[in-house]
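Report on the following structure.
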Amino acid sequence: MRVFRSVKDLGNLDAALKEAFEIKADRFKYQELGRNKTALLIFFNNSLRTRLSTQKAAMNLGMNVIVLDVNQGAWKLETERGVVMDGDKSEHLLEAIPVMASYCDIIGVRSFATFESRENDYNEKILEQFIQYSGKPVFFMESATVHPLQSFADLITIEEYKECDRPKVVLTWAPHPKALPQAVPNSFAEWMNAANVDFVVTHPEGYELDPQFVGNARVEYDQMKAFEGADFIYAKNWSCPGVTCPEDYGKVLSKDMSWTVGKRQMAVTNNAHFMHCLPVRRNMIVTDDVIESPRSLVIPEAANREISATVVLKRMLEALK
Ligand code: CP
């Protein structure tokens, strides 16, 4: 595997899940695979889970790890070609990428949507340059539009906790004070479409996800109806994806607190498990009692980030041979 951004990059999903559970049972089984190989993890944005779980995954495989916080100590990077660099940006991404690549074997990059241009964000302007100019395998650690390591961990968690063959999984929008990217809901929708689940998305009008991700999911604008009989509730805020109204891209269209996931909504589910990728704003996205309930999976879900990252790095190391 040379690039990891989509569920399609894993090939057979059942085989990938089997590999994940094999690694979970013995996470050091492949510790010789990464000997004398280096993973470079580049962060343009903050992280707790991705940073720690991906480092741990690389160490499970015997790799060396370098972490670079671009905005703390590195030169400010220009990303546009043709710019007269007379401002505060000292280095161009076009030199920085091959230089960084020369110190490693595999590169992970986190670079969020900027909301300056839907076209640039949805064309993955930064990540595509890493793929094109690094000459190394590149995995997405949350890009402008996708967060595949999270969705793989989410799927592993659903597989572990499901109580029927084909559970009902509901992705629900919930309110947040700031504009957030669509990467997590985009990927979650993409991965749930590929999984053996009954998948429903619910959000206020105007928050329609891009068709390339939402696929054949059922969209229900009434949150209570969507929650009926659900086995898993996956809550997440996202800003306007600009599908029906491109000029609204990246805007907060609603802060409707009636969408906060609480006891009222959970009462109509099939005693559903609650999921969120974290970090989460309590009593905006979800009430204290729901996130603290025995049905909340937010901690095992985060723990499975180590497993999803170990599978992805393992497959990239195998492709280096
Ligand atoms: N869920 C997730 O990606 O967390 P971090 O932003 O802390 O890495």
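Chain labels run A, B, ... following the order of the structure tokens; each chain numbers its residues from 1, and ligands are numbered from 1 in the order shown.
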Identify all residues of range 52-189 of chain A in strand (DSSP E) (DSSP on the backbone) and supply them as a list in words. Asn64, Val65, Ile66, Val67, Leu68, Asp69, Leu77, Glu78, Glu91, His92, Ile106, Ile107, Gly108, Val109, Arg110, Val138, Phe139, Phe140, Lys168, Val169, Val170, Leu171, Thr172 and Trp173 of chain A
May I have the residues within 10 Å of ligand 1, computed using only C-alpha atoms and all ligand atoms, as a ChimeraX atom specification? /A:43,45-54,110,141-142,147-151,153,183-184,276-280,298,301-302,305
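Of the listed residues (A:Lys168, A:Ile299, A:Ala309, A:Pro241), A:Pro241 comes nearest to Glu119 in chain A; the distances count only C-alpha atoms.
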Find the residues near Asp231 in chain A: any atom within 8 Å, counting only C-alpha atoms, skip ones fewer than 2 places away on the same chain, and give them as a CSV table (one decimal) with N, CA and C atoms, in the first residue's frame.
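Printed below is around.csv as written:
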chain,number,residue,atom,x,y,z
A,162,LYS,N,-20.8,-5.1,18.4
A,162,LYS,CA,-22.2,-5.3,17.8
A,162,LYS,C,-22.8,-6.6,18.4
A,167,PRO,N,-26.0,-4.4,12.3
A,167,PRO,CA,-26.5,-3.4,13.2
A,167,PRO,C,-26.9,-2.1,12.5
A,168,LYS,N,-27.8,-1.4,13.1
A,168,LYS,CA,-28.2,-0.1,12.6
A,168,LYS,C,-27.3,1.0,13.2
A,169,VAL,N,-26.6,1.7,12.3
A,169,VAL,CA,-25.6,2.7,12.8
A,169,VAL,C,-26.1,4.1,12.3
A,229,GLY,N,-34.6,2.6,17.1
A,229,GLY,CA,-34.1,1.2,16.9
A,229,GLY,C,-32.6,1.1,16.6
A,233,ILE,N,-24.9,5.0,17.9
A,233,ILE,CA,-25.1,6.4,17.6
A,233,ILE,C,-23.7,7.0,17.5
A,269,THR,N,-33.6,4.5,21.0
A,269,THR,CA,-32.7,3.5,20.3
A,269,THR,C,-32.9,2.1,20.9
A,270,ASN,N,-32.2,1.2,20.3
A,270,ASN,CA,-32.1,-0.2,20.8
A,270,ASN,C,-31.0,-0.3,21.8
A,271,ASN,N,-31.1,0.5,22.9
A,271,ASN,CA,-30.1,0.6,23.9
A,271,ASN,C,-28.7,0.8,23.2
A,272,ALA,N,-28.6,1.8,22.4
A,272,ALA,CA,-27.5,2.0,21.5
A,272,ALA,C,-26.2,2.3,22.3
A,273,HIS,N,-25.1,1.9,21.6
A,273,HIS,CA,-23.8,2.3,22.1
A,273,HIS,C,-23.6,3.7,21.6
Do you know which residues are at most 10 Å from range 23-40 of chain A counting only C-alpha atoms, after dropping those on the same chain fewer than 6 positions away, and could you put them as a VMD selection string? chain A and resid 17 54 to 55 57 to 68 100 to 101 103 to 109 137 to 138 304 306 to 308 310 to 311 313 to 314 316 to 318 320 to 321
Could you give me, as a list in words, the residues within 7 Å of range 196-206 of chain A, counting only C-alpha atoms and dropping anything in the same chain fewer than 4 positions from it? Arg166, Pro167, Lys168, Val169, Val170, Leu171, Thr172, Trp173, Met192, Ala217, Arg218, Val219, Glu220, Tyr221, Asp222, Gln223, Ala226, Cys240 and Thr244 of chain A
Correct to one decimal, the distance CA of Asn186 in chain A-CA of Leu94 in chain A is 28.3 Å
For Trp191 in chain A, the nearest of the candidates A:Val83, A:Val3, A:Cys164, A:Leu13, counting only C-alpha atoms: A:Leu13
